[in-house]
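Shown here: target.txt, compact mmCIF, C-alpha atoms.
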```txt
# COMPACT_ATOMS: atom_id res chain seq x y z
CA MET A 30 104.24 66.31 131.63
CA PRO A 31 103.81 63.07 133.62
CA MET A 32 104.72 63.22 137.29
CA LYS A 33 108.03 61.36 137.24
CA GLY A 34 110.54 60.88 140.02
CA ARG A 35 110.31 60.78 143.79
CA PHE A 36 107.86 63.37 145.17
CA PRO A 37 106.98 64.99 141.84
CA VAL A 38 104.66 67.28 143.79
CA ARG A 39 107.78 69.41 144.36
CA ARG A 40 107.61 70.31 140.70
CA THR A 41 104.11 71.81 140.75
CA LEU A 42 103.42 75.53 140.66
CA GLN A 43 101.05 75.21 143.58
CA TYR A 44 103.72 73.66 145.78
CA LEU A 45 106.33 76.19 144.71
CA SER A 46 104.09 79.17 145.39
CA GLN A 47 103.27 77.77 148.83
CA GLY A 48 106.74 78.68 150.06
CA ASP A 49 106.44 81.34 152.73
CA VAL A 50 110.09 82.30 153.19
CA ILE A 51 110.67 85.59 151.39
CA PHE A 52 114.08 87.05 152.20
CA LYS A 53 114.76 90.66 153.02
CA SER A 54 116.31 92.61 150.17
CA SER A 55 119.69 92.65 151.91
CA VAL A 56 120.19 88.87 151.57
CA LYS A 57 122.24 88.19 148.44
CA VAL A 58 123.70 84.69 148.72
CA MET A 59 122.63 81.58 150.60
CA THR A 60 125.03 78.67 151.00
CA VAL A 61 123.98 75.28 152.30
CA ASN A 62 126.60 72.76 153.45
CA TYR A 63 125.24 69.31 154.14
CA ASN A 64 126.26 65.65 154.08
CA SER A 65 124.83 62.74 152.13
CA ALA A 66 125.03 60.38 155.10
CA GLY A 67 124.56 60.70 158.82
CA GLU A 68 121.61 61.22 161.14
CA LEU A 69 122.62 64.77 162.06
CA SER A 70 122.40 65.93 158.47
CA GLU A 71 118.96 64.38 157.89
CA GLY A 72 117.07 67.62 158.47
CA ALA A 73 119.41 69.50 156.17
CA ARG A 74 118.97 66.92 153.45
CA LYS A 75 115.18 67.14 153.70
CA PHE A 76 115.45 70.92 153.65
CA VAL A 77 117.45 70.84 150.43
CA PHE A 78 115.11 68.29 148.87
CA PHE A 79 111.80 69.92 149.79
CA ASN A 80 112.26 73.53 150.73
CA ILE A 81 115.04 74.91 148.55
CA PRO A 82 112.83 74.90 145.39
CA GLN A 83 110.19 76.88 147.24
CA ILE A 84 112.70 79.40 148.51
CA GLN A 85 114.38 79.87 145.13
CA TYR A 86 111.01 80.27 143.43
CA LYS A 87 110.01 83.04 145.80
CA ASN A 88 113.46 84.70 145.79
CA PRO A 89 114.73 84.45 142.22
CA TRP A 90 117.51 86.99 142.78
CA VAL A 91 119.16 85.23 145.72
CA GLN A 92 122.05 83.01 144.70
CA ILE A 93 121.74 79.60 146.35
CA MET A 94 124.74 77.27 146.42
CA LEU A 95 124.76 73.74 147.74
CA PHE A 96 127.91 72.04 149.01
CA ARG A 97 127.95 68.35 149.86
CA ASN A 98 130.34 66.49 152.14
CA MET A 99 132.76 69.34 152.69
CA THR A 100 132.54 69.58 156.47
CA PRO A 101 131.35 67.13 159.11
CA SER A 102 128.70 69.47 160.46
CA PRO A 103 125.80 70.79 158.36
CA PHE A 104 125.14 74.53 158.32
CA LEU A 105 123.59 77.38 156.35
CA ARG A 106 125.38 80.62 155.62
CA PHE A 107 123.86 83.86 154.41
CA TYR A 108 125.81 86.73 152.89
CA LEU A 109 124.11 90.07 153.32
CA ASP A 110 124.54 93.27 151.36
CA ASN A 111 126.46 95.11 154.08
CA GLY A 112 129.17 92.42 154.22
CA GLU A 113 127.65 90.65 157.20
CA GLN A 114 127.55 86.86 157.26
CA VAL A 115 124.97 84.86 159.18
CA LEU A 116 125.92 81.32 160.14
CA VAL A 117 123.07 78.96 161.03
CA ASP A 118 123.91 75.57 162.53
CA VAL A 119 121.33 73.00 161.42
CA GLU A 120 122.74 69.91 163.04
CA ASP A 121 119.97 67.77 164.46
CA LYS A 122 117.09 69.99 163.30
CA THR A 123 114.13 68.99 161.15
CA ASN A 124 113.58 70.78 157.87
CA ARG A 125 110.51 72.47 159.31
CA GLU A 126 112.50 73.92 162.19
CA ILE A 127 115.13 75.20 159.75
CA THR A 128 112.57 77.01 157.60
CA GLU A 129 110.88 78.54 160.64
CA HIS A 130 114.21 79.71 161.95
CA ILE A 131 115.36 81.40 158.76
CA LYS A 132 111.95 82.91 158.25
CA LYS A 133 112.22 84.45 161.69
CA ILE A 134 115.75 85.81 161.30
CA LEU A 135 115.95 86.82 157.65
CA GLY A 136 112.46 86.67 156.23
CA LYS A 137 110.22 89.62 155.47
CA SER A 138 107.65 90.03 158.19
CA LYS A 139 103.95 89.64 157.53
CA GLU A 140 103.36 93.40 157.89
CA THR A 141 106.00 94.21 155.25
CA LEU A 142 104.46 91.72 152.85
CA GLU A 143 100.96 93.08 153.39
CA LYS A 144 102.21 96.63 152.90
CA GLU A 145 103.88 95.66 149.62
CA GLU A 146 100.71 93.90 148.52
CA ARG A 147 98.68 97.05 149.23
CA GLU A 148 101.18 99.21 147.32
CA ARG A 149 100.91 96.91 144.34
CA ARG A 150 97.11 97.02 144.43
CA LYS A 151 97.17 100.81 144.62
CA LEU A 152 99.15 101.08 141.40
CA SER A 153 96.55 99.27 139.31
CA HIS A 154 93.07 100.78 139.28
CA PRO A 155 90.40 98.17 138.55
CA ALA A 156 87.99 100.62 136.92
CA THR A 157 90.25 101.59 134.01
CA PHE A 158 90.36 99.98 130.58
CA GLY A 159 93.39 99.26 128.43
CA PRO A 160 96.04 96.66 127.45
CA LYS A 161 95.82 93.42 129.41
CA LYS A 162 99.28 93.94 130.87
CA TYR A 163 98.25 96.98 132.86
CA HIS A 164 94.47 96.76 133.21
CA LEU A 165 91.85 94.16 133.99
CA ARG A 166 89.74 94.66 130.87
CA GLU A 167 90.34 96.13 127.44
CA CYS A 168 86.86 97.25 126.47
CA ILE A 169 83.47 97.57 128.13
CA CYS A 170 82.11 94.96 125.73
CA GLU A 171 83.92 92.36 127.88
CA VAL A 172 81.69 93.09 130.88
CA GLU A 173 78.56 90.95 131.22
CA GLY A 174 75.39 92.95 130.86
CA GLN A 175 76.92 95.56 128.56
CA ILE A 176 76.62 95.85 124.78
CA PRO A 177 78.40 92.98 123.01
CA CYS A 178 81.43 93.77 120.86
CA PRO A 179 80.33 95.32 117.54
CA ALA A 180 82.98 93.21 115.80
CA VAL A 181 80.96 90.12 116.71
CA VAL A 182 77.36 91.41 116.81
CA PRO A 183 76.50 94.50 114.70
CA LEU A 184 75.07 97.43 116.69
CA PRO A 185 71.36 98.25 116.28
CA LYS A 186 70.71 100.82 113.56
CA GLU A 187 69.74 103.60 115.94
CA MET A 188 73.13 103.52 117.65
CA ARG A 189 75.23 103.69 114.51
CA GLY A 190 76.81 107.01 113.65
CA LYS A 191 75.82 106.55 109.99
CA TYR A 192 72.10 106.48 110.86
CA LYS A 193 72.32 109.30 113.36
CA ALA A 194 74.08 111.53 110.80
CA ALA A 195 71.45 110.70 108.17
CA VAL A 196 68.62 111.59 110.55
CA LYS A 197 70.34 114.87 111.40
CA ASP A 198 70.74 115.68 107.73
CA GLU A 199 67.08 115.05 107.08
CA ALA A 200 65.98 117.25 109.92
CA MET B 5 127.78 103.30 149.60
CA SER B 6 124.42 102.43 148.11
CA VAL B 7 124.39 104.35 144.86
CA PRO B 8 128.06 104.35 143.77
CA ARG B 9 128.54 100.56 143.93
CA GLY B 10 126.87 99.01 141.00
CA ALA B 11 128.39 98.92 137.64
CA VAL B 12 126.98 95.44 137.91
CA HIS B 13 123.74 93.89 139.13
CA ALA B 14 125.39 91.19 141.26
CA LYS B 15 126.87 92.82 144.33
CA TRP B 16 128.03 89.76 146.25
CA ILE B 17 128.53 86.36 144.68
CA VAL B 18 130.01 83.05 145.73
CA GLY B 19 131.78 80.90 143.19
CA LYS B 20 134.51 78.39 142.52
CA VAL B 21 137.86 79.41 141.09
CA ILE B 22 138.52 77.70 137.78
CA GLY B 23 141.58 79.51 136.53
CA THR B 24 144.44 81.59 137.85
CA LYS B 25 146.61 81.87 134.77
CA MET B 26 146.02 85.62 134.50
CA GLN B 27 148.13 87.96 136.57
CA LYS B 28 146.28 89.16 139.65
CA THR B 29 142.98 87.94 138.24
CA ALA B 30 140.98 84.85 139.08
CA LYS B 31 138.43 83.25 136.81
CA VAL B 32 135.44 82.29 138.94
CA ARG B 33 132.50 80.13 137.97
CA VAL B 34 129.22 81.05 139.65
CA THR B 35 126.22 78.72 139.60
CA ARG B 36 122.68 79.85 140.15
CA LEU B 37 119.54 77.71 140.40
CA VAL B 38 117.27 78.51 137.48
CA VAL B 39 113.86 76.94 137.02
CA ASP B 40 113.08 75.18 133.77
CA PRO B 41 109.70 76.58 132.64
CA TYR B 42 108.26 73.26 131.51
CA LEU B 43 109.71 70.74 133.95
CA LEU B 44 109.48 73.18 136.90
CA LYS B 45 112.76 71.80 138.18
CA PHE B 46 115.80 73.79 139.21
CA PHE B 47 119.06 73.37 137.35
CA ASN B 48 122.43 74.97 137.92
CA LYS B 49 123.22 77.63 135.38
CA ARG B 50 126.86 78.63 135.27
CA LYS B 51 128.44 81.94 134.49
CA THR B 52 132.07 82.93 134.66
CA TYR B 53 133.21 86.13 136.28
CA PHE B 54 136.68 87.61 136.45
CA ALA B 55 137.78 88.86 139.86
CA HIS B 56 140.68 91.03 140.86
CA ASP B 57 143.01 89.18 143.21
CA PRO B 58 145.95 91.47 144.04
CA LEU B 59 147.88 88.99 146.18
CA GLN B 60 147.28 86.04 143.84
CA GLN B 61 146.27 83.90 146.77
CA CYS B 62 143.62 81.86 144.92
CA VAL B 63 144.24 78.32 143.80
CA VAL B 64 142.06 76.45 141.31
CA GLY B 65 139.23 74.85 143.26
CA ASP B 66 138.81 77.42 146.03
CA ILE B 67 135.34 78.61 146.94
CA VAL B 68 135.46 82.41 147.06
CA LEU B 69 133.21 85.34 147.86
CA LEU B 70 133.37 88.19 145.36
CA LYS B 71 132.35 91.77 145.89
CA ALA B 72 131.31 94.09 143.09
CA LEU B 73 133.69 96.98 142.45
CA PRO B 74 132.28 100.53 142.39
CA GLU B 75 133.41 100.93 138.80
CA ARG B 76 134.81 98.49 136.28
CA ARG B 77 138.47 97.77 136.59
CA SER B 78 138.86 96.65 132.99
CA LYS B 79 136.64 95.40 130.21
CA HIS B 80 135.77 92.13 131.96
CA VAL B 81 136.86 92.55 135.59
CA LYS B 82 133.98 94.01 137.61
CA HIS B 83 134.49 92.18 140.90
CA GLU B 84 137.21 91.74 143.47
CA LEU B 85 138.05 88.97 145.88
CA ALA B 86 136.41 89.65 149.23
CA GLU B 87 137.14 86.42 151.05
CA ILE B 88 138.17 82.83 150.45
CA VAL B 89 135.32 80.84 151.97
CA PHE B 90 136.82 77.35 151.62
CA LYS B 91 140.41 76.83 150.63
CA VAL B 92 140.94 73.66 148.63
CA GLY B 93 142.60 70.97 150.72
CA ASN B 94 142.37 73.11 153.83
CA VAL B 95 138.68 73.41 154.67
CA ILE B 96 137.97 74.84 158.12
CA ASP B 97 134.64 73.93 159.65
CA PRO B 98 133.13 77.32 160.63
CA ILE B 99 131.12 75.89 163.52
CA THR B 100 133.96 74.22 165.40
CA GLY B 101 136.85 76.06 163.80
CA LYS B 102 138.81 72.87 163.18
CA PRO B 103 140.35 71.71 159.92
CA CYS B 104 138.36 68.97 158.25
CA ALA B 105 138.16 66.92 155.08
CA GLY B 106 134.87 65.48 153.89
CA THR B 107 132.98 64.25 156.91
CA ARG B 108 135.99 63.82 159.20
CA PHE B 109 138.00 66.16 161.29
CA LEU B 110 141.70 66.17 160.50
CA GLU B 111 142.86 67.40 163.84
CA ASN B 112 142.97 64.10 165.71
CA LEU B 113 144.92 62.08 163.19
CA SER B 114 148.44 63.12 164.16
CA ASP B 115 147.96 62.93 167.96
CA SER B 116 148.50 59.54 169.53
CA GLU B 117 146.97 60.62 172.85
CA ASN B 118 143.62 61.36 171.20
CA LEU B 119 143.01 57.92 169.75
CA THR B 120 139.37 56.84 169.81
CA GLU B 121 138.30 53.62 171.50
CA ALA B 122 137.89 51.87 168.17
CA ASP B 123 141.48 52.73 167.30
CA THR B 124 142.85 51.49 170.61
CA THR B 125 140.96 48.18 170.45
CA TYR B 126 142.12 47.64 166.88
CA LEU B 127 145.71 48.36 167.78
CA SER B 128 145.63 46.14 170.88
CA GLU B 129 144.16 43.30 168.81
CA LYS B 130 147.02 43.65 166.35
CA LEU B 131 149.49 43.60 169.24
CA GLN B 132 147.87 40.43 170.62
CA GLU B 133 148.36 38.68 167.30
CA LEU B 134 152.00 39.63 167.28
CA LYS B 135 152.47 38.30 170.82
CA VAL B 136 150.94 34.91 169.84
CA CYS B 137 153.33 34.59 166.88
CA SER B 138 156.36 35.29 169.08
CA THR B 139 155.40 32.69 171.81
CA ASP B 140 154.88 30.00 169.15
CA LYS B 141 158.43 30.47 168.05
```

The structure in this file should be written as structure tokens.
Amino acid sequence: MPMKGRFPVRRTLQYLSQGDVIFKSSVKVMTVNYNSAGELSEGARKFVFFNIPQIQYKNPWVQIMLFRNMTPSPFLRFYLDNGEQVLVDVEDKTNREITEHIKKILGKSKETLEKEERERRKLSHPATFGPKKYHLRECICEVEGQIPCPAVVPLPKEMRGKYKAAVKDEA
Amino acid sequence: MSVPRGAVHAKWIVGKVIGTKMQKTAKVRVTRLVVDPYLLKFFNKRKTYFAHDPLQQCVVGDIVLLKALPERRSKHVKHELAEIVFKVGNVIDPITGKPCAGTRFLENLSDSENLTEADTTYLSEKLQELKVCSTDK
């Protein structure tokens, strides 16, 4: 797909996975109110243009709604699971400041993320073999330095069960 | 109330009311940003939910917050109206608490004492013109 449009880098997987705001599981809905014109709303507009794709990519189960030109002042509103609402005023803030702020108040901390990463690694054991979905490798023939797959290269005669059984019969 | 609530995956949703023709029920359209797998761009995907509105206080065009009911009320109604976030025609700016429309506050319009400088200069200019016309006569 050619890179069309302004800032097509926003549509790359690398850019999307670079987003570092991962919301806590209690955040359900995020609402952004901003204006199309005005200096005060500039940060909010940049936030919506650059950072919302990253946030939605990392939090696919959070509903994000954008409202334009409804109120004079730009703000963000989060609806949490326990009924609480968090109102964040973003008037006169750059998009970087906005992301830092919401990461601090509603983002998962680094320790939580590392803990989750460790839990995930514990579930999958790298030394087991099986379907690609659950294991790293399917058969030992995939490992370099081991016997190649007998489907591709026939095994030497001495290793084949047919030969071994014949030798046993003779003896 | 963590286990009982959840006949439905979506616990809290925000949407726009598109129909109120049913008795005590509002039809709400909810949009979510979904990524297109090839373009890697986010598009709004809409879904309609039915919400129980006992006082029938919703008008078409309101932005509402819905809460999932602990068990289904009827075949399609699984949510209830928790709060009207923005009432159509009567939007209150949550930061200042004043009524507003678009990018202007509505509060100042009716008061003549709270005219801005631009308004006063404009009005005085108009008055000047009127005075000139009367002296000519």

Q. By how many Å are atom CA of A:Asn64 and atom CA of A:Arg97 apart?
A.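 Atom CA of A:Asn64 sits 5.3 Å away from atom CA of A:Arg97.
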
(Q) One number please: atom CA of A:Ser65 to atom CA of A:Asn124, in Å, one decimal. (A)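 Separation of atom CA of A:Ser65 and atom CA of A:Asn124: 15.0 Å.
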
Q. Distance atom CA of B:Cys62-atom CA of B:Ile88, one decimal place?
A. 7.8 Å

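For chain A, the residues having at least one atom no farther than 6 Å from chain B, when counting all atoms listed in the file, are Arg40, Gln92, Asn98, Met99, Thr100 and Pro101 of chain A.
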
**Q.** Shortest interatomic distance to A:Glu68 - which of A:Pro31, A:Pro103, A:Ile127, A:Asp198, counting all atoms listed in the file
**A.**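 Closest to A:Glu68 of all the choices is A:Pro103.
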
I want to know what sits within 10 Å of stretch 169-173 of chain A, based on only C-alpha atoms, with residues of the same chain fewer than 5 positions away left out; could you give that as a tab-separated table (two decimals) with C-alpha atoms, in the coordinates of the input?
```
chain	number	residue	atom	x	y	z
A	157	THR	CA	90.25	101.59	134.01
A	158	PHE	CA	90.36	99.98	130.58
A	178	CYS	CA	81.43	93.77	120.86
A	179	PRO	CA	80.33	95.32	117.54
```

Q) Skipping near chain neighbours, those fewer than 3 positions away, what residues fall within 9 Å of A:Asp118 using all atoms listed in the file, listed as an MDAnalysis selection string? A) (chainID A and resid 102:106 121:122) or (chainID B and resid 99)

Closest atom pairs, residues of stretch 72-136 of chain A within 12 Å of stretch 46-53 of chain A, all atoms listed in the file, as a tab-separated table:
```
residue	atom	partner	partner_atom	distance
A:Phe79	CA	A:Gly48	CA	10.1
A:Asn80	CA	A:Gly48	CA	7.6
A:Ile81	CA	A:Gly48	CA	9.2
A:Pro82	CA	A:Gly48	CA	8.6
A:Gln83	CA	A:Gly48	CA	4.8
A:Ile84	CA	A:Val50	CA	6.1
A:Gln85	CA	A:Gly48	CA	9.2
A:Tyr86	CA	A:Ser46	CA	7.3
A:Lys87	CA	A:Ile51	CA	6.2
A:Asn88	CA	A:Ile51	CA	6.3
A:Pro89	CA	A:Ile51	CA	10.1
A:Trp90	CA	A:Phe52	CA	10.0
A:Val91	CA	A:Phe52	CA	8.4
A:Gln92	CA	A:Phe52	CA	11.7
A:Phe107	CA	A:Phe52	CA	10.5
A:Tyr108	CA	A:Lys53	CA	11.7
A:Leu109	CA	A:Lys53	CA	9.4
A:Asp110	CA	A:Lys53	CA	10.3
A:Arg125	CA	A:Val50	CA	11.6
A:Ile127	CA	A:Val50	CA	10.9
A:Thr128	CA	A:Val50	CA	7.3
A:Glu129	CA	A:Val50	CA	8.4
A:His130	CA	A:Val50	CA	10.0
A:Ile131	CA	A:Val50	CA	7.7
A:Lys132	CA	A:Val50	CA	5.4
A:Lys133	CA	A:Val50	CA	9.0
A:Ile134	CA	A:Phe52	CA	9.3
A:Leu135	CA	A:Phe52	CA	5.8
A:Gly136	CA	A:Phe52	CA	4.4
```

Could you work out an axis-aligned box for stretch 45-62 of chain B, taking every atom the file lists and adding 8 Å on each side, and report centre and edge lengths in Å to one decimal, as AutoDock Vina command-line options?
```
--center_x 130.3 --center_y 81.6 --center_z 140.6 --size_x 51.1 --size_y 35.7 --size_z 28.3
```

Q: Could you tell me which of A:Phe96, A:Leu42, A:Thr123, A:Pro37 comes closest to A:Ser70 if we count only C-alpha atoms?
A: A:Thr123
